[in-house]
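Here the structure is laid out as structure tokens; the discussion comes afterwards.
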Amino acid sequence: MKKLVLVLCLVVNLLATDYNFNLVDFARHIAKVNNVNILVPDEFKVHTYSFTINTSLNNSIGFFRRAIEMYDLQLIRAEDFYYVDKKEKAKLKHHILKVNHINYDEIKNFMEIYKSNKNTKNDEIKYEYIAARKAFLVKCTDDDFKSISQTFLYLDKTPTQKRLKITIIDTNLDEIKERGIETDVQYKDNHNFFFNLLAYPFSVTNNISATDKTQFYSFIRFLDQDGISKLVSSPIVTLTDEKNTIFKVVENVPFRKGSTVVDSSNVSTTEQIEYKDVGLIVNIKPSFLHSSVSLDLNLNLSSIASNADNLLRTIDRQIIQTFTLKEDEILVLTGINQKQINNITSGIPLLKDIPVLSYLTSYESETQTNTNLTITFELVD
């Protein structure tokens, strides 16, 4: 029994031997097995086409056709025979492809990758973007255009957008620590938490759950009405995935800029007024996740330190941070403390404005205010 198995395995191995054919011999073998005639022109006989074939498995006409296509040849059927010929090179044509939502840079990256794909042999593909028509003029074959169009159809979709509510609160720390908070509004166990979030932010977490949102906003409105906090702004901005959104709360402050020019014995001084944005600038770049949004935050806060003689001096702060914001949750960015110094001139009306008498009828005082800027972020429907 063992001898019989060994003999059968030996016979199978002999039948399954791989052979190396040139084009003519390969065509002759396929023609004999399939009982057909295959004509190979003399111009192809001089080329060194090489095929390694398992003669027990690969004997069909279809296999022969696919094998010679690797050498840019094709098998054409006539009335009662086949013949081998060169594969016709696809013609390059001009095609128009319109887009609606994707921009030039995104398409350019795709086209360069497509052209560099050696398997597609697309060295001759050319393209040009027509900005006025939001369209691409592409020079390529019909097959390439079909493939490119399918990719564009997948990419060119309405971008996903979400709405972000930003609330900016400026709290007077001197007032809130001196007066405390007395209110008839019931905040259950959250009263101290909300208070510490504005006055002692380092002592509490900076996330507010969905169940506490309504109470928190009520607490903010109460402080605004009581004069302890100022609700500076509460816009709702639209976010687009991977696109920057900029929000500003600034004052355009004028300041004097002068220059002195010396020409021989003449000295001339020219002055001009320039303006600078002073305040809060928020730059957000979102990345949409399944049920949350990752926000790259770049926050710039500037305030006036002094503007004596119209020489502006500012204090600038910057926060660069990435955080994840879940739906129905408020994230609170707080602890941005500011010290404002105000110079106040008081005196007898009219007389204090007269240059000589002002020294006798007026006096200056300086006040200092400590505030905490709080910014909240919330995804809304």
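We label chains A, B, ... in the order they appear in the structure tokens, count residues from 1 in each chain, and number ligands from 1 in the order shown.
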Determine, using only C-alpha atoms, which residues of region 214-237 of chain A have any atom at most 12 Å from an atom of region 369-377 of chain A, and tabulate each with its shortest atom pair and distance in Å to one decimal place, rows ordered by chain and then rising number, as JSON lines.
{"residue": "A:Phe216", "atom": "CA", "partner": "A:Thr376", "partner_atom": "CA", "distance": 10.7}
{"residue": "A:Tyr217", "atom": "CA", "partner": "A:Thr376", "partner_atom": "CA", "distance": 10.4}
{"residue": "A:Ile220", "atom": "CA", "partner": "A:Thr374", "partner_atom": "CA", "distance": 10.7}
{"residue": "A:Ile228", "atom": "CA", "partner": "A:Thr371", "partner_atom": "CA", "distance": 10.0}
{"residue": "A:Ser229", "atom": "CA", "partner": "A:Thr371", "partner_atom": "CA", "distance": 9.0}
{"residue": "A:Lys230", "atom": "CA", "partner": "A:Leu373", "partner_atom": "CA", "distance": 9.6}
{"residue": "A:Leu231", "atom": "CA", "partner": "A:Thr374", "partner_atom": "CA", "distance": 9.8}
{"residue": "A:Val232", "atom": "CA", "partner": "A:Leu373", "partner_atom": "CA", "distance": 9.6}
{"residue": "A:Ser233", "atom": "CA", "partner": "A:Ile375", "partner_atom": "CA", "distance": 9.7}
{"residue": "A:Ser234", "atom": "CA", "partner": "A:Thr376", "partner_atom": "CA", "distance": 9.2}
{"residue": "A:Pro235", "atom": "CA", "partner": "A:Phe377", "partner_atom": "CA", "distance": 10.4}
{"residue": "A:Ile236", "atom": "CA", "partner": "A:Phe377", "partner_atom": "CA", "distance": 9.7}
{"residue": "A:Val237", "atom": "CA", "partner": "A:Phe377", "partner_atom": "CA", "distance": 10.6}
Go ahead and dump the residues you just picked, N, CA and C atoms, as a compact mmCIF listing (two decimals), in the first residue's frame.
# COMPACT_ATOMS: atom_id res chain seq x y z
N PHE A 216 -25.30 75.83 36.26
CA PHE A 216 -24.09 76.62 36.08
C PHE A 216 -24.39 77.92 35.34
N TYR A 217 -25.14 77.84 34.24
CA TYR A 217 -25.46 79.04 33.49
C TYR A 217 -26.34 79.99 34.30
N ILE A 220 -24.02 81.87 36.58
CA ILE A 220 -23.28 82.91 35.86
C ILE A 220 -24.16 84.14 35.64
N ILE A 228 -20.80 91.13 40.22
CA ILE A 228 -19.56 90.48 40.63
C ILE A 228 -18.78 89.98 39.42
N SER A 229 -19.49 89.42 38.48
CA SER A 229 -18.89 88.95 37.23
C SER A 229 -19.53 89.69 36.07
N LYS A 230 -18.79 89.76 34.98
CA LYS A 230 -19.28 90.39 33.76
C LYS A 230 -19.31 89.35 32.65
N LEU A 231 -20.50 89.12 32.09
CA LEU A 231 -20.63 88.20 30.97
C LEU A 231 -20.17 88.94 29.72
N VAL A 232 -18.90 88.76 29.36
CA VAL A 232 -18.28 89.54 28.29
C VAL A 232 -18.89 89.19 26.93
N SER A 233 -19.01 87.91 26.66
CA SER A 233 -19.53 87.48 25.35
C SER A 233 -19.94 86.01 25.45
N SER A 234 -20.89 85.63 24.61
CA SER A 234 -21.34 84.24 24.59
C SER A 234 -21.76 83.85 23.17
N PRO A 235 -20.80 83.80 22.24
CA PRO A 235 -21.13 83.47 20.86
C PRO A 235 -21.24 81.97 20.64
N ILE A 236 -21.90 81.60 19.55
CA ILE A 236 -21.93 80.21 19.08
C ILE A 236 -21.27 80.20 17.70
N VAL A 237 -20.14 79.51 17.59
CA VAL A 237 -19.39 79.49 16.34
C VAL A 237 -19.56 78.12 15.68
Do you know which residues are at most 10 Å from Arg133 (chain A) counting only C-alpha atoms, after dropping those on the same chain fewer than 5 positions away, and could you put them as a PyMOL selection string?
-> chain A and resi 98-100
Write to file, as a PDB file, in the first residue's frame, the residues of the selection just made, with C-alpha atoms.
ATOM      1  CA  LYS A  98     -16.085  69.620 -11.212  1.00  0.00           C
ATOM      2  CA  VAL A  99     -15.793  69.732  -7.430  1.00  0.00           C
ATOM      3  CA  ASN A 100     -17.938  71.390  -4.759  1.00  0.00           C
TER       4      ASN A 100
END
Residue contacts of Phe152 (chain A) (9 Å, only C-alpha atoms) excluding same-chain residues fewer than 3 positions away, as a VMD selection string | chain A and resid 97 99 102 107 147 to 149 155 to 156
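For the choices A:Leu57, A:Val293, A:Ile336, A:Leu92, the atom-to-atom distance to Ile125 (chain A) is smallest for A:Leu92 when using only C-alpha atoms.
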Do a neighbour search on Val33 (chain A) at 9 Å with only C-alpha atoms, toss out local chain neighbours closer than 5 positions, and write the hits as a ChimeraX atom specification.
-> /A:28,59-60
Can you list, as a PyMOL selection string, every residue of region 83-237 of chain A that DSSP puts in strand (DSSP E)?
-> chain A and resi 83-86+93-98+126-130+135-140+161-172+207-208+229-233+236-237
Write out as an MDAnalysis selection string the residues lying within 6 Å of Pro286 (chain A), counting only C-alpha atoms and excluding same-chain residues fewer than 2 positions away.
-> chainID A and resid 241:242 294:295
Expected file: the selected residues, C-alpha atoms, as a CSV table (one decimal), in the first residue's frame:
chain,number,residue,atom,x,y,z
A,241,ASP,CA,-13.3,69.5,10.7
A,242,GLU,CA,-9.6,70.3,10.5
A,294,SER,CA,-10.5,67.2,19.9
A,295,LEU,CA,-9.8,70.9,20.0
Could you list, as a PDB file with all heavy atoms, in the first residue's frame, every residue within 12 Å of Arg313 (chain A), counting only C-alpha atoms and ignoring same-chain residues fewer than 5 positions away?
ATOM      1  N   VAL A 253      -6.837  99.772  19.922  1.00  0.00           N
ATOM      2  CA  VAL A 253      -6.277 100.860  20.719  1.00  0.00           C
ATOM      3  C   VAL A 253      -5.281 101.656  19.888  1.00  0.00           C
ATOM      4  O   VAL A 253      -4.355 101.086  19.297  1.00  0.00           O
ATOM      5  CB  VAL A 253      -5.579 100.304  21.976  1.00  0.00           C
ATOM      6  CG1 VAL A 253      -4.978 101.431  22.800  1.00  0.00           C
ATOM      7  CG2 VAL A 253      -6.573  99.504  22.809  1.00  0.00           C
ATOM      8  N   PRO A 254      -5.442 102.997  19.836  1.00  0.00           N
ATOM      9  CA  PRO A 254      -4.471 103.826  19.105  1.00  0.00           C
ATOM     10  C   PRO A 254      -3.234 104.110  19.957  1.00  0.00           C
ATOM     11  O   PRO A 254      -3.321 104.236  21.180  1.00  0.00           O
ATOM     12  CB  PRO A 254      -5.252 105.103  18.824  1.00  0.00           C
ATOM     13  CG  PRO A 254      -6.211 105.206  19.951  1.00  0.00           C
ATOM     14  CD  PRO A 254      -6.571 103.795  20.336  1.00  0.00           C
ATOM     15  N   PHE A 255      -2.099 104.193  19.318  1.00  0.00           N
ATOM     16  CA  PHE A 255      -0.889 104.620  20.013  1.00  0.00           C
ATOM     17  C   PHE A 255      -0.015 105.407  19.050  1.00  0.00           C
ATOM     18  O   PHE A 255      -0.089 105.233  17.833  1.00  0.00           O
ATOM     19  CB  PHE A 255      -0.131 103.425  20.606  1.00  0.00           C
ATOM     20  CG  PHE A 255       0.420 102.473  19.584  1.00  0.00           C
ATOM     21  CD1 PHE A 255       1.739 102.565  19.169  1.00  0.00           C
ATOM     22  CD2 PHE A 255      -0.380 101.473  19.040  1.00  0.00           C
ATOM     23  CE1 PHE A 255       2.251 101.686  18.229  1.00  0.00           C
ATOM     24  CE2 PHE A 255       0.126 100.587  18.110  1.00  0.00           C
ATOM     25  CZ  PHE A 255       1.447 100.699  17.694  1.00  0.00           C
ATOM     26  N   ARG A 256       0.805 106.281  19.637  1.00  0.00           N
ATOM     27  CA  ARG A 256       1.598 107.189  18.826  1.00  0.00           C
ATOM     28  C   ARG A 256       2.943 106.571  18.490  1.00  0.00           C
ATOM     29  O   ARG A 256       3.617 105.984  19.339  1.00  0.00           O
ATOM     30  CB  ARG A 256       1.811 108.507  19.577  1.00  0.00           C
ATOM     31  CG  ARG A 256       2.508 109.594  18.757  1.00  0.00           C
ATOM     32  CD  ARG A 256       2.525 110.886  19.509  1.00  0.00           C
ATOM     33  NE  ARG A 256       3.234 110.736  20.786  1.00  0.00           N
ATOM     34  CZ  ARG A 256       3.209 111.641  21.754  1.00  0.00           C
ATOM     35  NH1 ARG A 256       2.490 112.732  21.611  1.00  0.00           N
ATOM     36  NH2 ARG A 256       3.869 111.446  22.876  1.00  0.00           N
ATOM     37  N   LYS A 276      -3.554  98.837  17.540  1.00  0.00           N
ATOM     38  CA  LYS A 276      -3.240  97.456  17.918  1.00  0.00           C
ATOM     39  C   LYS A 276      -4.451  96.838  18.591  1.00  0.00           C
ATOM     40  O   LYS A 276      -5.122  97.482  19.401  1.00  0.00           O
ATOM     41  CB  LYS A 276      -2.043  97.419  18.870  1.00  0.00           C
ATOM     42  CG  LYS A 276      -1.659  96.015  19.318  1.00  0.00           C
ATOM     43  CD  LYS A 276      -0.443  96.024  20.226  1.00  0.00           C
ATOM     44  CE  LYS A 276      -0.105  94.608  20.666  1.00  0.00           C
ATOM     45  NZ  LYS A 276       1.093  94.567  21.550  1.00  0.00           N
ATOM     46  N   VAL A 278      -6.126  94.822  21.273  1.00  0.00           N
ATOM     47  CA  VAL A 278      -5.849  94.454  22.659  1.00  0.00           C
ATOM     48  C   VAL A 278      -7.081  93.748  23.206  1.00  0.00           C
ATOM     49  O   VAL A 278      -8.190  94.287  23.148  1.00  0.00           O
ATOM     50  CB  VAL A 278      -5.503  95.684  23.514  1.00  0.00           C
ATOM     51  CG1 VAL A 278      -5.292  95.280  24.975  1.00  0.00           C
ATOM     52  CG2 VAL A 278      -4.271  96.386  22.977  1.00  0.00           C
ATOM     53  N   SER A 302      -4.219  89.846  25.759  1.00  0.00           N
ATOM     54  CA  SER A 302      -3.371  91.013  25.971  1.00  0.00           C
ATOM     55  C   SER A 302      -4.158  92.084  26.722  1.00  0.00           C
ATOM     56  O   SER A 302      -5.374  92.214  26.560  1.00  0.00           O
ATOM     57  CB  SER A 302      -2.860  91.569  24.635  1.00  0.00           C
ATOM     58  OG  SER A 302      -3.940  91.928  23.786  1.00  0.00           O
ATOM     59  N   SER A 303      -3.462  92.842  27.538  1.00  0.00           N
ATOM     60  CA  SER A 303      -4.078  93.937  28.288  1.00  0.00           C
ATOM     61  C   SER A 303      -3.103  95.108  28.331  1.00  0.00           C
ATOM     62  O   SER A 303      -1.886  94.934  28.171  1.00  0.00           O
ATOM     63  CB  SER A 303      -4.445  93.493  29.710  1.00  0.00           C
ATOM     64  OG  SER A 303      -3.292  93.021  30.392  1.00  0.00           O
ATOM     65  N   ILE A 304      -3.628  96.286  28.548  1.00  0.00           N
ATOM     66  CA  ILE A 304      -2.800  97.496  28.572  1.00  0.00           C
ATOM     67  C   ILE A 304      -2.140  97.640  29.935  1.00  0.00           C
ATOM     68  O   ILE A 304      -2.816  97.704  30.958  1.00  0.00           O
ATOM     69  CB  ILE A 304      -3.647  98.736  28.250  1.00  0.00           C
ATOM     70  CG1 ILE A 304      -4.259  98.610  26.847  1.00  0.00           C
ATOM     71  CG2 ILE A 304      -2.806  99.999  28.345  1.00  0.00           C
ATOM     72  CD1 ILE A 304      -5.205  99.738  26.495  1.00  0.00           C
ATOM     73  N   ALA A 305      -0.804  97.686  29.931  1.00  0.00           N
ATOM     74  CA  ALA A 305      -0.074  97.932  31.177  1.00  0.00           C
ATOM     75  C   ALA A 305       0.004  99.424  31.442  1.00  0.00           C
ATOM     76  O   ALA A 305      -0.184  99.888  32.574  1.00  0.00           O
ATOM     77  CB  ALA A 305       1.318  97.316  31.109  1.00  0.00           C
ATOM     78  N   SER A 306       0.281 100.193  30.404  1.00  0.00           N
ATOM     79  CA  SER A 306       0.292 101.648  30.523  1.00  0.00           C
ATOM     80  C   SER A 306       0.214 102.250  29.137  1.00  0.00           C
ATOM     81  O   SER A 306       0.560 101.610  28.140  1.00  0.00           O
ATOM     82  CB  SER A 306       1.557 102.140  31.239  1.00  0.00           C
ATOM     83  OG  SER A 306       2.705 101.908  30.428  1.00  0.00           O
ATOM     84  N   ASN A 307      -0.275 103.463  29.079  1.00  0.00           N
ATOM     85  CA  ASN A 307      -0.357 104.175  27.806  1.00  0.00           C
ATOM     86  C   ASN A 307       0.010 105.641  28.023  1.00  0.00           C
ATOM     87  O   ASN A 307      -0.614 106.545  27.482  1.00  0.00           O
ATOM     88  CB  ASN A 307      -1.763 104.046  27.215  1.00  0.00           C
ATOM     89  CG  ASN A 307      -1.806 104.441  25.742  1.00  0.00           C
ATOM     90  OD1 ASN A 307      -0.774 104.571  25.098  1.00  0.00           O
ATOM     91  ND2 ASN A 307      -2.996 104.658  25.229  1.00  0.00           N
ATOM     92  N   ALA A 308       1.050 105.853  28.860  1.00  0.00           N
ATOM     93  CA  ALA A 308       1.482 107.211  29.190  1.00  0.00           C
ATOM     94  C   ALA A 308       2.057 107.876  27.953  1.00  0.00           C
ATOM     95  O   ALA A 308       2.865 107.287  27.223  1.00  0.00           O
ATOM     96  CB  ALA A 308       2.524 107.167  30.307  1.00  0.00           C
TER      97      ALA A 308
END
Determine which residues of region 59-302 of chain A DSSP labels as alpha helix (DSSP H) from the backbone of this structure, then write them out as a PyMOL selection string.
-> chain A and resi 61-69+104-115+142-155+173-179+191-199+213-226
